[in-house]
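A short write-up of the structure that comes next.
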Amino acid sequence: MINRSDHGRDPSVRRTIALQAWAESGVPMLRAPRQFVRELHQRHLPQPGTTVVAVLDAAHQLAASASFSARQHVTDGWHHRNTILSHLRQVIPHDLRLAAPVRTAVLMRCREGTPEWTEQDGAWMWALRDAAALHGLRCGSYIALTPAGWHVIGHDWRGRSPHSGSWADGPVHTVTELPPRSAREPERIRPAAAVTPLDAIRRAAAR
């Protein structure tokens with residue numbers, strides 16, 4: 001549990017943010033959204049079902065980020081908030097002692113479906129806002145990564161690349177991603193080095 005408001009939580013209440021409320025909430029804009037999305041994608045290569053939380057410093061540079069899988073179809077943000085908060089705690093110290101936040105939390109969710117706002121996006125938006133406040137951060141942009149491309153929801157910035165399938169074009173990171181040995185080119189066997197007889201070495205030394 002995070003605070004007292006979690007005790008006695010009414011399961012019929014959904015923590016979510018509507019698109020209009022999000023657009024009017026004063027979320028700080030990304031200075032270079034296309035460049036930021038590409039950098040974050042290259043770092044994590046998210047597949048559908050993966051969420052990436054990132055923290056921007058006072059100069060709007062990427063300071064830390066983490067990716068994780070979570071319950072994607074939940075429409076109550078309370079279920080997502082603790083997950084976001086736990087990953088923020090792992091990658092960057094909190095700013096709760098500051099009088100006002102100077103760093104910003106941003107969320108990118110890789111999913112299937114429409115690039116436009118959905119009820120699941122509303123739940124994640126609520127979770128981002130609450131987790132950011134509990135970590136002493138400002139709540140920043142929410143980005144949907146879908147088959148159509150990327151979309152900064154609420155600010156209407158978008159592009160075709162990267163998209164939710166772009167992870168497949170990334171570099172191989174682990175041995176398990178390599179094709180099986182039988183499918184690879186047979187290894188070349190180097191011929192054994194010639195061994196000089198001991199008698200020949202002795203004769204050469206006696207000369």
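Numbering starts fresh at 1 for the residues of each chain in the structure tokens, the chains themselves are lettered A, B, ... in the order given, and ligands are numbered from 1 as they appear.
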For Val27 of chain A, find every residue with an atom within 8 Å (counting only C-alpha atoms), except residues of its own chain fewer than 3 positions away, and show them as a PyMOL selection string.
chain A and resi 22-24+139-141
List the spatial neighbours of Gly154 of chain A as a list in words - criterion: any atom at most 12 Å away, only C-alpha atoms, same-chain residues fewer than 3 positions off excluded.
Ile17, Ala18, Leu19, Gln20, Ala21, Trp22, Ala23, Glu24, Ser25, Gly26, Val27, Pro28, Met29, Leu30, Pro115, Glu116, Trp117, Asp121, Gly122, Met125, Gly140, Ser141, Tyr142, Ile143, Ala144, His151, Trp157 and Arg158 of chain A
Atoms kept (C-alpha atoms) for selection, written as a compact mmCIF listing (two decimals), in the first residue's frame:
# COMPACT_ATOMS: atom_id res chain seq x y z
CA ILE A 17 -8.55 10.27 -16.77
CA ALA A 18 -10.69 11.23 -19.74
CA LEU A 19 -8.98 12.53 -22.86
CA GLN A 20 -10.35 16.08 -22.52
CA ALA A 21 -9.34 16.29 -18.86
CA TRP A 22 -5.85 15.06 -19.73
CA ALA A 23 -5.48 17.59 -22.57
CA GLU A 24 -6.54 20.40 -20.22
CA SER A 25 -4.37 19.33 -17.27
CA GLY A 26 -1.30 21.33 -18.31
CA VAL A 27 1.00 18.39 -19.02
CA PRO A 28 4.40 19.84 -20.09
CA MET A 29 5.17 19.34 -23.75
CA LEU A 30 8.12 17.34 -25.04
CA PRO A 115 -3.57 5.05 -31.91
CA GLU A 116 -6.28 7.18 -30.32
CA TRP A 117 -7.18 7.36 -26.61
CA ASP A 121 -4.91 4.68 -21.73
CA GLY A 122 -7.05 6.66 -19.28
CA MET A 125 -2.66 8.26 -17.38
CA GLY A 140 4.60 14.42 -18.29
CA SER A 141 3.46 13.14 -21.66
CA TYR A 142 1.70 9.86 -22.41
CA ILE A 143 2.75 8.13 -25.64
CA ALA A 144 0.90 5.30 -27.37
CA HIS A 151 1.11 9.26 -30.81
CA TRP A 157 2.06 14.80 -32.07
CA ARG A 158 2.49 11.62 -34.04
Can you list, as an NGL selection string, every protein, DNA or RNA residue that comes within 9 Å of Gly159 of chain A when you count only C-alpha atoms, leaving out same-chain residues fewer than 4 positions away?
:A and (34 or 148-151 or 163)
As a ChimeraX atom specification, please: every residue in segment 11-199 of chain A that DSSP puts in alpha helix (DSSP H).
/A:19-23,33-44,78-91,119-134,198-199
With N, CA and C atoms retained, export the selected residues as a compact mmCIF listing (two decimals), in the first residue's frame.
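result.txt, freshly written:
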# COMPACT_ATOMS: atom_id res chain seq x y z
N LEU A 19 -9.88 11.87 -21.93
CA LEU A 19 -8.98 12.53 -22.86
C LEU A 19 -9.03 14.05 -22.72
N GLN A 20 -10.23 14.62 -22.62
CA GLN A 20 -10.35 16.08 -22.52
C GLN A 20 -9.71 16.59 -21.24
N ALA A 21 -9.93 15.87 -20.14
CA ALA A 21 -9.34 16.29 -18.86
C ALA A 21 -7.83 16.22 -18.92
N TRP A 22 -7.30 15.19 -19.60
CA TRP A 22 -5.85 15.06 -19.73
C TRP A 22 -5.30 16.21 -20.57
N ALA A 23 -5.96 16.53 -21.68
CA ALA A 23 -5.48 17.59 -22.57
C ALA A 23 -5.51 18.96 -21.88
N PRO A 33 9.67 15.72 -29.56
CA PRO A 33 8.97 14.44 -29.38
C PRO A 33 9.45 13.32 -30.29
N ARG A 34 9.72 13.62 -31.55
CA ARG A 34 10.14 12.57 -32.48
C ARG A 34 11.49 11.99 -32.05
N GLN A 35 12.43 12.85 -31.71
CA GLN A 35 13.75 12.41 -31.27
C GLN A 35 13.65 11.64 -29.96
N PHE A 36 12.81 12.12 -29.05
CA PHE A 36 12.67 11.45 -27.75
C PHE A 36 12.09 10.05 -27.90
N VAL A 37 11.04 9.92 -28.71
CA VAL A 37 10.41 8.62 -28.91
C VAL A 37 11.40 7.64 -29.53
N ARG A 38 12.17 8.09 -30.50
CA ARG A 38 13.16 7.21 -31.13
C ARG A 38 14.23 6.77 -30.13
N GLU A 39 14.71 7.69 -29.30
CA GLU A 39 15.74 7.35 -28.32
C GLU A 39 15.20 6.35 -27.30
N LEU A 40 13.99 6.58 -26.82
CA LEU A 40 13.41 5.68 -25.82
C LEU A 40 13.15 4.31 -26.44
N HIS A 41 12.72 4.28 -27.69
CA HIS A 41 12.47 3.01 -28.36
C HIS A 41 13.77 2.24 -28.57
N GLN A 42 14.82 2.91 -28.97
CA GLN A 42 16.11 2.26 -29.19
C GLN A 42 16.67 1.67 -27.90
N ARG A 43 16.41 2.31 -26.78
CA ARG A 43 16.91 1.83 -25.50
C ARG A 43 16.19 0.56 -25.04
N HIS A 44 14.88 0.45 -25.32
CA HIS A 44 14.08 -0.64 -24.73
C HIS A 44 13.47 -1.59 -25.75
N TRP A 78 -5.45 2.37 -10.46
CA TRP A 78 -4.88 2.00 -9.17
C TRP A 78 -4.00 0.77 -9.31
N HIS A 79 -4.36 -0.14 -10.22
CA HIS A 79 -3.59 -1.37 -10.40
C HIS A 79 -2.23 -1.10 -11.05
N HIS A 80 -2.13 -0.01 -11.81
CA HIS A 80 -0.88 0.28 -12.52
C HIS A 80 0.05 1.21 -11.74
N ARG A 81 -0.53 2.00 -10.82
CA ARG A 81 0.26 3.02 -10.15
C ARG A 81 1.44 2.44 -9.37
N ASN A 82 1.20 1.40 -8.60
CA ASN A 82 2.28 0.83 -7.79
C ASN A 82 3.38 0.25 -8.66
N THR A 83 3.00 -0.31 -9.81
CA THR A 83 4.00 -0.86 -10.72
C THR A 83 4.91 0.23 -11.25
N ILE A 84 4.33 1.34 -11.68
CA ILE A 84 5.13 2.47 -12.17
C ILE A 84 6.02 2.99 -11.05
N LEU A 85 5.45 3.15 -9.87
CA LEU A 85 6.19 3.72 -8.75
C LEU A 85 7.37 2.84 -8.35
N SER A 86 7.17 1.53 -8.35
CA SER A 86 8.26 0.63 -7.97
C SER A 86 9.42 0.71 -8.94
N HIS A 87 9.14 0.89 -10.23
CA HIS A 87 10.21 1.00 -11.22
C HIS A 87 10.89 2.37 -11.14
N LEU A 88 10.14 3.42 -10.84
CA LEU A 88 10.76 4.72 -10.63
C LEU A 88 11.76 4.66 -9.47
N ARG A 89 11.38 3.98 -8.40
CA ARG A 89 12.25 3.87 -7.24
C ARG A 89 13.53 3.10 -7.56
N GLN A 90 13.46 2.21 -8.52
CA GLN A 90 14.63 1.41 -8.87
C GLN A 90 15.64 2.18 -9.72
N VAL A 91 15.15 3.14 -10.50
CA VAL A 91 16.05 3.78 -11.47
C VAL A 91 16.48 5.19 -11.10
N GLU A 119 -9.88 3.50 -23.02
CA GLU A 119 -10.11 3.45 -21.59
C GLU A 119 -8.87 2.96 -20.84
N GLN A 120 -8.14 2.02 -21.45
CA GLN A 120 -6.90 1.56 -20.83
C GLN A 120 -5.87 2.69 -20.74
N ASP A 121 -5.82 3.53 -21.78
CA ASP A 121 -4.91 4.68 -21.73
C ASP A 121 -5.29 5.60 -20.58
N GLY A 122 -6.59 5.81 -20.38
CA GLY A 122 -7.05 6.66 -19.28
C GLY A 122 -6.59 6.13 -17.93
N ALA A 123 -6.61 4.81 -17.77
CA ALA A 123 -6.16 4.20 -16.51
C ALA A 123 -4.66 4.41 -16.32
N TRP A 124 -3.88 4.25 -17.39
CA TRP A 124 -2.44 4.46 -17.30
C TRP A 124 -2.10 5.93 -17.06
N MET A 125 -2.89 6.83 -17.62
CA MET A 125 -2.66 8.26 -17.38
C MET A 125 -2.85 8.59 -15.90
N TRP A 126 -3.91 8.05 -15.31
CA TRP A 126 -4.14 8.28 -13.89
C TRP A 126 -2.97 7.71 -13.08
N ALA A 127 -2.53 6.53 -13.45
CA ALA A 127 -1.43 5.87 -12.74
C ALA A 127 -0.14 6.69 -12.85
N LEU A 128 0.14 7.22 -14.03
CA LEU A 128 1.34 8.03 -14.22
C LEU A 128 1.28 9.28 -13.36
N ARG A 129 0.16 9.95 -13.37
CA ARG A 129 0.02 11.20 -12.60
C ARG A 129 0.20 10.95 -11.11
N ASP A 130 -0.42 9.87 -10.60
CA ASP A 130 -0.34 9.59 -9.18
C ASP A 130 1.05 9.11 -8.77
N ALA A 131 1.65 8.24 -9.59
CA ALA A 131 2.99 7.74 -9.28
C ALA A 131 4.01 8.87 -9.33
N ALA A 132 3.87 9.77 -10.30
CA ALA A 132 4.79 10.91 -10.40
C ALA A 132 4.71 11.77 -9.15
N ALA A 133 3.50 12.05 -8.68
CA ALA A 133 3.33 12.88 -7.48
C ALA A 133 3.94 12.21 -6.26
N LEU A 134 3.78 10.90 -6.14
CA LEU A 134 4.32 10.17 -4.99
C LEU A 134 5.84 10.04 -5.04
N LEU A 198 60.47 -34.36 -32.30
CA LEU A 198 61.47 -33.96 -31.31
C LEU A 198 62.89 -34.15 -31.84
N ASP A 199 63.15 -35.23 -32.63
CA ASP A 199 64.50 -35.47 -33.18
C ASP A 199 64.94 -34.34 -34.09
Please return, as a PyMOL selection string, all residues of segment 12-162 of chain A that DSSP assigns to strand (DSSP E) on the basis of the backbone.
chain A and resi 50-56+62-69+104-110+138-146+149-152+157-159
Written selection (N, CA, C and O atoms) as a short mmCIF file (atom, residue, chain, number, x, y, z; two decimals), in the first residue's frame:
data_model
loop_
_atom_site.label_atom_id
_atom_site.label_comp_id
_atom_site.auth_asym_id
_atom_site.auth_seq_id
_atom_site.Cartn_x
_atom_site.Cartn_y
_atom_site.Cartn_z
N THR A 50 4.30 -4.05 -23.52
CA THR A 50 5.38 -3.47 -22.71
C THR A 50 5.11 -1.99 -22.47
O THR A 50 4.69 -1.27 -23.36
N THR A 51 5.37 -1.56 -21.24
CA THR A 51 5.25 -0.15 -20.87
C THR A 51 6.63 0.36 -20.48
O THR A 51 7.39 -0.33 -19.81
N VAL A 52 6.95 1.58 -20.90
CA VAL A 52 8.23 2.20 -20.58
C VAL A 52 7.97 3.48 -19.81
O VAL A 52 7.22 4.35 -20.28
N VAL A 53 8.56 3.62 -18.63
CA VAL A 53 8.48 4.86 -17.87
C VAL A 53 9.86 5.52 -17.93
O VAL A 53 10.89 4.86 -17.78
N ALA A 54 9.87 6.82 -18.19
CA ALA A 54 11.12 7.56 -18.33
C ALA A 54 11.06 8.83 -17.49
O ALA A 54 9.98 9.35 -17.20
N VAL A 55 12.23 9.31 -17.09
CA VAL A 55 12.33 10.54 -16.30
C VAL A 55 13.21 11.52 -17.05
O VAL A 55 14.34 11.18 -17.45
N LEU A 56 12.70 12.73 -17.26
CA LEU A 56 13.45 13.80 -17.89
C LEU A 56 13.98 14.74 -16.82
O LEU A 56 13.28 15.06 -15.85
N LEU A 62 16.87 12.86 -21.16
CA LEU A 62 16.52 11.58 -20.55
C LEU A 62 17.50 11.25 -19.43
O LEU A 62 18.70 11.08 -19.67
N ALA A 63 17.00 11.14 -18.19
CA ALA A 63 17.84 10.86 -17.03
C ALA A 63 17.80 9.40 -16.63
O ALA A 63 18.79 8.86 -16.14
N ALA A 64 16.66 8.73 -16.81
CA ALA A 64 16.52 7.33 -16.42
C ALA A 64 15.27 6.77 -17.08
O ALA A 64 14.35 7.52 -17.46
N SER A 65 15.23 5.44 -17.22
CA SER A 65 14.05 4.80 -17.81
C SER A 65 14.03 3.34 -17.43
O SER A 65 15.05 2.75 -17.08
N ALA A 66 12.84 2.75 -17.49
CA ALA A 66 12.67 1.33 -17.19
C ALA A 66 11.49 0.81 -17.99
O ALA A 66 10.52 1.53 -18.25
N SER A 67 11.57 -0.45 -18.42
CA SER A 67 10.47 -1.07 -19.16
C SER A 67 9.98 -2.30 -18.40
O SER A 67 10.77 -2.96 -17.71
N PHE A 68 8.71 -2.61 -18.55
CA PHE A 68 8.11 -3.72 -17.82
C PHE A 68 6.81 -4.15 -18.49
O PHE A 68 6.23 -3.40 -19.29
N SER A 69 6.37 -5.34 -18.16
CA SER A 69 5.08 -5.84 -18.62
C SER A 69 4.10 -5.76 -17.47
O SER A 69 4.47 -5.95 -16.31
N THR A 104 10.57 15.29 -14.70
CA THR A 104 9.27 14.95 -15.28
C THR A 104 9.23 13.46 -15.63
O THR A 104 10.17 12.93 -16.22
N ALA A 105 8.12 12.82 -15.27
CA ALA A 105 7.90 11.41 -15.62
C ALA A 105 7.07 11.31 -16.88
O ALA A 105 6.05 12.00 -17.03
N VAL A 106 7.50 10.47 -17.81
CA VAL A 106 6.82 10.26 -19.09
C VAL A 106 6.55 8.77 -19.25
O VAL A 106 7.36 7.93 -18.81
N LEU A 107 5.44 8.42 -19.88
CA LEU A 107 5.09 7.01 -20.07
C LEU A 107 4.87 6.72 -21.54
O LEU A 107 4.21 7.49 -22.25
N MET A 108 5.45 5.61 -22.02
CA MET A 108 5.20 5.13 -23.39
C MET A 108 4.65 3.71 -23.29
O MET A 108 5.30 2.83 -22.72
N ARG A 109 3.49 3.49 -23.83
CA ARG A 109 2.84 2.19 -23.76
C ARG A 109 2.74 1.59 -25.16
O ARG A 109 2.14 2.17 -26.06
N CYS A 110 3.37 0.44 -25.36
CA CYS A 110 3.34 -0.26 -26.64
C CYS A 110 2.17 -1.22 -26.63
O CYS A 110 2.10 -2.12 -25.79
N ARG A 138 7.01 15.80 -11.81
CA ARG A 138 5.89 16.32 -12.59
C ARG A 138 5.35 15.21 -13.47
O ARG A 138 6.10 14.32 -13.91
N CYS A 139 4.07 15.25 -13.75
CA CYS A 139 3.47 14.30 -14.68
C CYS A 139 3.66 14.82 -16.10
O CYS A 139 3.24 15.93 -16.43
N GLY A 140 4.32 14.01 -16.93
CA GLY A 140 4.60 14.42 -18.29
C GLY A 140 3.74 13.72 -19.32
O GLY A 140 2.65 13.23 -19.02
N SER A 141 4.23 13.62 -20.52
CA SER A 141 3.46 13.14 -21.66
C SER A 141 3.16 11.65 -21.59
O SER A 141 3.88 10.88 -20.94
N TYR A 142 2.10 11.27 -22.28
CA TYR A 142 1.70 9.86 -22.41
C TYR A 142 1.76 9.53 -23.90
O TYR A 142 1.13 10.19 -24.73
N ILE A 143 2.52 8.49 -24.24
CA ILE A 143 2.75 8.13 -25.64
C ILE A 143 2.21 6.74 -25.91
O ILE A 143 2.53 5.79 -25.18
N ALA A 144 1.40 6.60 -26.94
CA ALA A 144 0.90 5.30 -27.37
C ALA A 144 1.70 4.86 -28.59
O ALA A 144 1.82 5.60 -29.57
N LEU A 145 2.24 3.64 -28.52
CA LEU A 145 3.00 3.06 -29.63
C LEU A 145 2.17 1.92 -30.19
O LEU A 145 1.99 0.89 -29.53
N THR A 146 1.63 2.09 -31.39
CA THR A 146 0.69 1.14 -31.98
C THR A 146 1.14 0.74 -33.38
O THR A 146 2.16 1.26 -33.87
N GLY A 149 1.97 3.65 -35.58
CA GLY A 149 3.09 4.52 -35.26
C GLY A 149 3.03 4.98 -33.82
O GLY A 149 2.47 4.31 -32.96
N TRP A 150 3.60 6.16 -33.54
CA TRP A 150 3.57 6.71 -32.18
C TRP A 150 2.67 7.93 -32.14
O TRP A 150 2.52 8.65 -33.11
N HIS A 151 2.05 8.16 -30.97
CA HIS A 151 1.11 9.26 -30.81
C HIS A 151 1.23 9.80 -29.40
O HIS A 151 1.01 9.07 -28.43
N VAL A 152 1.60 11.07 -29.26
CA VAL A 152 1.60 11.74 -27.96
C VAL A 152 0.17 12.20 -27.71
O VAL A 152 -0.26 13.23 -28.22
N TRP A 157 0.85 15.07 -31.29
CA TRP A 157 2.06 14.80 -32.07
C TRP A 157 2.08 13.33 -32.42
O TRP A 157 1.79 12.47 -31.58
N ARG A 158 2.47 13.01 -33.64
CA ARG A 158 2.49 11.62 -34.04
C ARG A 158 3.45 11.40 -35.21
O ARG A 158 3.86 12.34 -35.87
N GLY A 159 3.77 10.12 -35.44
CA GLY A 159 4.64 9.74 -36.55
C GLY A 159 4.46 8.26 -36.86
O GLY A 159 3.94 7.50 -36.04
#
Which of these residues is nearest to Thr75 of chain A, using only C-alpha atoms: A:Val13, A:Leu137, A:Ile92, A:Ala168?
A:Val13
